[in-house]
Each structure stands twice: as C-alpha cells, then as structure tokens.
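For reference, the structure discussed in these notes is given below.
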Amino acid sequence: MTTPDRAADDVRRRLLALRADDLPTHGGRTLAYVYDSGIAEADALGREALAAYGATNGLDPTAFPSLLAMERDLVTFARPLFHAPAAAVGTVTSGGTESILLAVQTARDAHPDITDPVMVVPTTIHAAFHKASHYFGVERVSVPVDPATFRADPAAIADALDAYAGRVVLVAASAPSYAHGVLDPIPAIGEVAAARGVRFHVDACIGGWVLPWLERDGLVTHPWDFAVEGVTSVSADLHKYAYTPKGVSLLLHRTPQLRRPQFFASADWPGYTMLNATMQSTKSGGPLAAAWAVVSYLGDEGYQTLARRAYDGTRALAAGVGETPHLRVAAVPETTLVAVTTDDACDVFTLSDAMLDRGWFVQPQMAYDELPATLHLTVSAATCDLVPEFLEALRDAVAEAVATGPVVVDPQLRAAAQALDPASLDDDAFDGLLALAGLAGEGGAVAAPTRMAPVNALLDAAPPPLREALLIAFLDRMTR
Ligand SMILES: *Cc1c(COP(=O)(O)O)cnc(C)c1O
C-alpha cells in the first residue's frame, strides 16, 4: 500500500473549497458565461484532452504536429457549416475576443497605405471590437441600430462608409448580437461592403455553433455567413455552443490572401525566429485538444440535437416570459439568447438579485442610448428541461421585485453622475465614489456586495464613460 500524499490531498481539498463561491458551470442554472450540453461523457473527454495536452506548446507546429492536425480538422469541420468556399482558411484562437482582435488587426494591416484607419460597426457589436479599436488604433464609428428591432441598419452603415470613404478597413455585424440575440441583416450589409471593396467580418462567436443546425431544420432562413458574397471573415467560439472547455474560438477567412496580414514573424533577434498566427506565442495545446475531442465525440448529429434542444428551450422560455406580468422579451429570439425587459413596476437589477436567491444566474445589462436595460439569458441544452422551473422562479422573483419596487437612485446623485467627467477624477475621488456606489467599505477595502441591484442601478444612471472608469477603479483595487 502506498502512503497517502497528505500535501497533495490538502491541495485538492483547497481547490474544491475555492470553487464553493463560484457560479455553477454545470446544471443549466447559470444563464451566462457557461454552456452545458448536459452530456457527461463529452465533458469527461474534454477534461481528459485538456489535461493530456496541457503542457504541449502551439508555439511551433513542426514540434507538435498533433496540434496542427487537430486545428486542420476543426477548420475542415467548420468550413461547410459556414458555407465557406474550399479556399477558405482558418485559425484556432484562445477565444472570441482574440478572433475579433485578429480580424481587426488583419484588416488594418492589409492597408498600410491608410494612416488613420476606421471600422464601421453597429452600436450592438460586441465590446471586443472596442477593445480592438483601443489596442490597434483603428477608430470606431458606431452606427445606431433600429430601436424597434435592435438590428443593424444597412442604409446607415452605407452612409457611414461613404462619410469615411478612403479610411474604412472593416465593417462588422453580428449573427446574432450578444445583448439582444437578433441577427443583423448580413446580406444587405454584405452588399454595401462589397460595393465599396471593404472587408466585412461576421461576429458569430455565440451563434456560430447553433445557426448551421437551426438552418438545416428550417428555423433560420436569413443567410448570415460566407453564403453572403461580401462576407470576408467569420468568428465562432467553440467554448460556447460547441460545449468545449474554455479557451477556443475559430477565425475563418474567405481566402488565404485575406488572412495573410494576420501572421507575424520576427527574425530580428538572436533567438528562434518567432512565427505566429495568433496573439499568443507559447500557448497550451490543451484547449485545442479538448475542443477537438468534444467536437469529434458530439459530431454533426450531436450538435443537431443540442442546437435544437437549446432552441426549443429558448422558445419555451421566451413564451413564458411573454406571459409573465411586468415582463416582455425585447426581441423575439432567433437563436438561443433572450433579452428581457420590465415595465416601471420593477427593474432588471432587483430581478437578477432575486433570481440569484432562487439559484438562477441571469445577467443584467444596462440601458444604452435608446435601448432599455435588460436581463440577458444564454440558454444551453442543459437548461431545456428546466424551463418550467425557471419560469416558476421568475414569476416568484417578479412578485418580490414588484413588492420592493425599483431601486431609486437619489436624484442629486443621478445629476452628479451625469455631470462628472471621469478624466478629472484622482485616486482619492475614485475611493470616495466606490464607497458611495457601495463597492468599497471601511478603509477602502473593496468587495462585490451581495446585493448588486443598488450598485447596478447607480451605474445604470451614469453615462458609459463613468461606468467604465468606476469599474476599472474597482478592478484595480480588487486586484491590488
Ligand atoms: C462571447 C462573445 C464575444 C467575445 O468572446 P470571448 O470568448 O468572451 O472573448 C464576441 N462576440 C460575441 C457575439 C460573443 O457572444
């Protein structure tokens, strides 16, 4: 008999204990951040592959040809799903944000002649594009969406392209948008982009692994991918609806020529010649191997069933929301996302706290421009059977939120928030504001409060630049 390794067992116990306060990743009750197929064997395979390949290095595909082979297999699997031509090429990245960063960087670097590059995007585009703009110095021109449908407006995008003619390197739209779950009119935007010779990226990070199968079932009829002539690149996250462990997304370009500026090489130092297709250099092969394992196991048929389960669950959930007093779906869900709004009797922030008390995580989204505050629900296959339970909890939470009433932000505080210029605030001012917002206690110690509603309502009353500055100050202090 071997003696138990006490130290190792102790570490295992502590690892488990650390997870106690996290949101559950499985079980179908966390309706953002995580995705659960409900298939235990797929999860087990993903974990095994992640562990088996965790120490491999994607830095050099000639040293680890297994990683190149698995990347090729995933791209080959994805190509027909997205109606990509045979010449289309793809790269496995670490996530949706990296896929988007690379799409923007590639579009910028395809035009060394343009010194002040611009990207044109709808206001509903994922914030990863804002990050790309910030990192790569590509000015972002955001075009308002139709406030009735939450969809991008092709005519307004065309106007922006013409207003910035000669400077635009990229147009982007969503299939579907994260915040409201609607498909932008990709064919119309494709036409507008192609007519002007501008690259067009479709962000299918969240929809890319459900839309192909919904399409086959006749549930989605608008073209959204490479079937649209003007689309030059598509991103789709495997760590979302492919139900693989975190750290994997795909970025496909219509041709090798379009992808070319994505690559980076440097021989201008005495070490190995650095040669990268992505932003990371040394990168674990674990997430790629895990994705390969899960996709191989579930396969086309598996995803057909899973996409349909998530979709049916979404429709049932949205129908139930529609029948709940004081609630409304912001838009009829086209895929597996739901955005819920309330009337004046309650607010989404109180509702999200009340749902958490009942064992469900739903994500509050703040008001923006003309668009109302909403609750975001990402519906996984594992949530499908729980919809009646979810709706019961929701009705109960609404009753509580109506009884409490919406959070009232002090009018003076609201006025102050509107008037504050975050650029004029120093560290002490932020300490004071964080305390005022309920994000910091005695002596400046910060912690996420148990009731988020008062904080969220206050942030909701603040203009976006102040929200950003306050949350950055919060993160800064939390991580000191
Ligand atoms: C999730 C998501 C992203 C960003 O992906 P990460 O994997 O979180 O980096 C981008 N766009 C859309 C539409 C998404 O849903």
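Each chain in the structure tokens gets a letter, A, B and so on, in the order shown; residues start at 1 in every chain, and ligands are counted from 1 in the order they appear.
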- Within 8 Å of ligand 1, which residues show up when you count only C-alpha atoms and all ligand atoms? List them as an MDAnalysis selection string, please. chainID A and resid 94:100 125:128 174:178 203:207 237 239:240 247:249
Resulting file, chosen residues, N, CA, C and O atoms, as an mmCIF file, in the first residue's frame:
data_model
loop_
_atom_site.group_PDB
_atom_site.id
_atom_site.type_symbol
_atom_site.label_atom_id
_atom_site.label_comp_id
_atom_site.auth_asym_id
_atom_site.auth_seq_id
_atom_site.Cartn_x
_atom_site.Cartn_y
_atom_site.Cartn_z
ATOM 1 N N SER A 94 -7.697 31.743 -28.901
ATOM 2 C CA SER A 94 -7.978 31.455 -27.488
ATOM 3 C C SER A 94 -9.389 31.850 -27.070
ATOM 4 O O SER A 94 -9.809 31.590 -25.951
ATOM 5 N N GLY A 95 -10.148 32.525 -27.951
ATOM 6 C CA GLY A 95 -11.493 32.938 -27.576
ATOM 7 C C GLY A 95 -12.023 33.953 -28.551
ATOM 8 O O GLY A 95 -11.320 34.392 -29.479
ATOM 9 N N GLY A 96 -13.271 34.344 -28.350
ATOM 10 C CA GLY A 96 -13.923 35.268 -29.259
ATOM 11 C C GLY A 96 -13.172 36.587 -29.361
ATOM 12 O O GLY A 96 -13.009 37.142 -30.449
ATOM 13 N N THR A 97 -12.711 37.082 -28.236
ATOM 14 C CA THR A 97 -12.009 38.361 -28.253
ATOM 15 C C THR A 97 -10.755 38.278 -29.108
ATOM 16 O O THR A 97 -10.490 39.169 -29.923
ATOM 17 N N GLU A 98 -9.989 37.201 -28.961
ATOM 18 C CA GLU A 98 -8.777 37.089 -29.776
ATOM 19 C C GLU A 98 -9.129 36.967 -31.258
ATOM 20 O O GLU A 98 -8.457 37.562 -32.110
ATOM 21 N N SER A 99 -10.179 36.222 -31.597
ATOM 22 C CA SER A 99 -10.585 36.108 -33.006
ATOM 23 C C SER A 99 -10.902 37.497 -33.562
ATOM 24 O O SER A 99 -10.523 37.841 -34.686
ATOM 25 N N ILE A 100 -11.598 38.294 -32.770
ATOM 26 C CA ILE A 100 -12.008 39.627 -33.214
ATOM 27 C C ILE A 100 -10.804 40.573 -33.285
ATOM 28 O O ILE A 100 -10.644 41.333 -34.248
ATOM 29 N N ILE A 125 -22.612 45.897 -31.621
ATOM 30 C CA ILE A 125 -21.469 44.997 -31.829
ATOM 31 C C ILE A 125 -20.819 44.707 -30.476
ATOM 32 O O ILE A 125 -20.845 45.536 -29.567
ATOM 33 N N HIS A 126 -20.236 43.521 -30.343
ATOM 34 C CA HIS A 126 -19.612 43.131 -29.072
ATOM 35 C C HIS A 126 -18.470 44.078 -28.712
ATOM 36 O O HIS A 126 -17.730 44.543 -29.591
ATOM 37 N N ALA A 127 -18.309 44.332 -27.425
ATOM 38 C CA ALA A 127 -17.283 45.258 -26.940
ATOM 39 C C ALA A 127 -15.865 44.805 -27.288
ATOM 40 O O ALA A 127 -14.922 45.604 -27.188
ATOM 41 N N ALA A 128 -15.696 43.563 -27.712
ATOM 42 C CA ALA A 128 -14.360 43.119 -28.154
ATOM 43 C C ALA A 128 -13.865 43.990 -29.314
ATOM 44 O O ALA A 128 -12.655 44.190 -29.469
ATOM 45 N N SER A 174 -23.262 41.281 -36.383
ATOM 46 C CA SER A 174 -23.372 40.117 -35.502
ATOM 47 C C SER A 174 -24.384 39.096 -35.986
ATOM 48 O O SER A 174 -25.419 39.441 -36.542
ATOM 49 N N ALA A 175 -24.087 37.819 -35.708
ATOM 50 C CA ALA A 175 -25.020 36.736 -36.008
ATOM 51 C C ALA A 175 -25.008 35.713 -34.875
ATOM 52 O O ALA A 175 -24.315 34.721 -34.985
ATOM 53 N N PRO A 176 -25.795 35.925 -33.840
ATOM 54 C CA PRO A 176 -26.582 37.112 -33.535
ATOM 55 C C PRO A 176 -25.817 38.010 -32.565
ATOM 56 O O PRO A 176 -24.735 37.665 -32.108
ATOM 57 N N SER A 177 -26.439 39.167 -32.213
ATOM 58 C CA SER A 177 -25.851 40.067 -31.237
ATOM 59 C C SER A 177 -25.953 39.442 -29.852
ATOM 60 O O SER A 177 -26.908 38.723 -29.554
ATOM 61 N N TYR A 178 -24.942 39.698 -29.030
ATOM 62 C CA TYR A 178 -24.956 39.150 -27.667
ATOM 63 C C TYR A 178 -26.101 39.739 -26.846
ATOM 64 O O TYR A 178 -26.842 39.021 -26.181
ATOM 65 N N ASP A 203 -19.477 38.517 -36.788
ATOM 66 C CA ASP A 203 -19.207 38.006 -35.447
ATOM 67 C C ASP A 203 -20.282 36.970 -35.099
ATOM 68 O O ASP A 203 -21.370 37.318 -34.643
ATOM 69 N N ALA A 204 -19.948 35.700 -35.360
ATOM 70 C CA ALA A 204 -20.843 34.599 -34.992
ATOM 71 C C ALA A 204 -20.241 33.858 -33.806
ATOM 72 O O ALA A 204 -20.356 32.639 -33.698
ATOM 73 N N CYS A 205 -19.578 34.624 -32.926
ATOM 74 C CA CYS A 205 -18.918 33.999 -31.776
ATOM 75 C C CYS A 205 -19.903 33.152 -30.983
ATOM 76 O O CYS A 205 -19.610 32.030 -30.590
ATOM 77 N N ILE A 206 -21.092 33.684 -30.760
ATOM 78 C CA ILE A 206 -22.054 32.945 -29.936
ATOM 79 C C ILE A 206 -23.017 32.120 -30.787
ATOM 80 O O ILE A 206 -23.527 31.099 -30.335
ATOM 81 N N GLY A 207 -23.245 32.528 -32.025
ATOM 82 C CA GLY A 207 -24.223 31.825 -32.857
ATOM 83 C C GLY A 207 -23.635 30.782 -33.784
ATOM 84 O O GLY A 207 -24.355 29.932 -34.314
ATOM 85 N N ASP A 237 -17.082 30.867 -31.600
ATOM 86 C CA ASP A 237 -16.418 30.342 -30.397
ATOM 87 C C ASP A 237 -16.811 28.890 -30.147
ATOM 88 O O ASP A 237 -17.996 28.572 -30.051
ATOM 89 N N HIS A 239 -15.809 27.444 -27.356
ATOM 90 C CA HIS A 239 -16.052 27.352 -25.908
ATOM 91 C C HIS A 239 -17.431 27.899 -25.503
ATOM 92 O O HIS A 239 -17.718 28.042 -24.325
ATOM 93 N N LYS A 240 -18.275 28.173 -26.486
ATOM 94 C CA LYS A 240 -19.673 28.486 -26.195
ATOM 95 C C LYS A 240 -20.517 27.273 -26.610
ATOM 96 O O LYS A 240 -20.476 26.259 -25.940
ATOM 97 N N GLY A 247 -11.317 28.544 -23.794
ATOM 98 C CA GLY A 247 -10.041 28.877 -24.423
ATOM 99 C C GLY A 247 -9.964 28.541 -25.899
ATOM 100 O O GLY A 247 -8.871 28.397 -26.424
ATOM 101 N N VAL A 248 -11.120 28.425 -26.592
ATOM 102 C CA VAL A 248 -11.073 28.088 -28.022
ATOM 103 C C VAL A 248 -12.123 28.805 -28.852
ATOM 104 O O VAL A 248 -13.313 28.785 -28.540
ATOM 105 N N SER A 249 -11.670 29.412 -29.918
ATOM 106 C CA SER A 249 -12.553 30.041 -30.897
ATOM 107 C C SER A 249 -11.953 29.788 -32.279
ATOM 108 O O SER A 249 -10.771 29.448 -32.400
#
- Item | Distance query Pro61 (chain A) at most 10 Å, only C-alpha atoms, self and fewer than 5 positions along chain excluded, as a PyMOL selection string | chain A and resi 66-69+275-276
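Every protein, DNA or RNA residue with an atom at most 10 Å from Ala367 (chain A), where only C-alpha atoms count and chain neighbours fewer than 2 positions away do not, is listed here: Pro364, Gln365, Asp369, Glu370, Leu371, Pro372, Ala373, Thr374, Ala457, Leu459, Asp460, Ala461, Ala462, Pro463 and Pro464 of chain A.
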- Task: Might you pull out every residue within 8 Å of Ala310 (chain A), with only C-alpha atoms counted and same-chain residues fewer than 3 positions away left off, and present them as an NGL selection string?
- Result: :A and (306-307 or 313-314 or 336 or 379-384)
Who sits within 6 Å of Leu50 (chain A), only C-alpha atoms, same chain under 6 positions skipped, as a compact mmCIF listing (two decimals) with N, CA, C and O atoms, in the first residue's frame:
# COMPACT_ATOMS: atom_id res chain seq x y z
N GLY A 286 -3.82 22.42 -24.80
CA GLY A 286 -4.94 21.83 -24.07
C GLY A 286 -6.32 22.21 -24.59
O GLY A 286 -7.12 21.34 -24.95
N PRO A 287 -6.64 23.51 -24.68
CA PRO A 287 -7.98 23.89 -25.14
C PRO A 287 -8.29 23.40 -26.56
O PRO A 287 -9.40 22.96 -26.84
N ALA A 290 -8.92 19.69 -26.36
CA ALA A 290 -10.22 19.46 -25.71
C ALA A 290 -11.35 19.73 -26.71
O ALA A 290 -12.31 18.97 -26.80
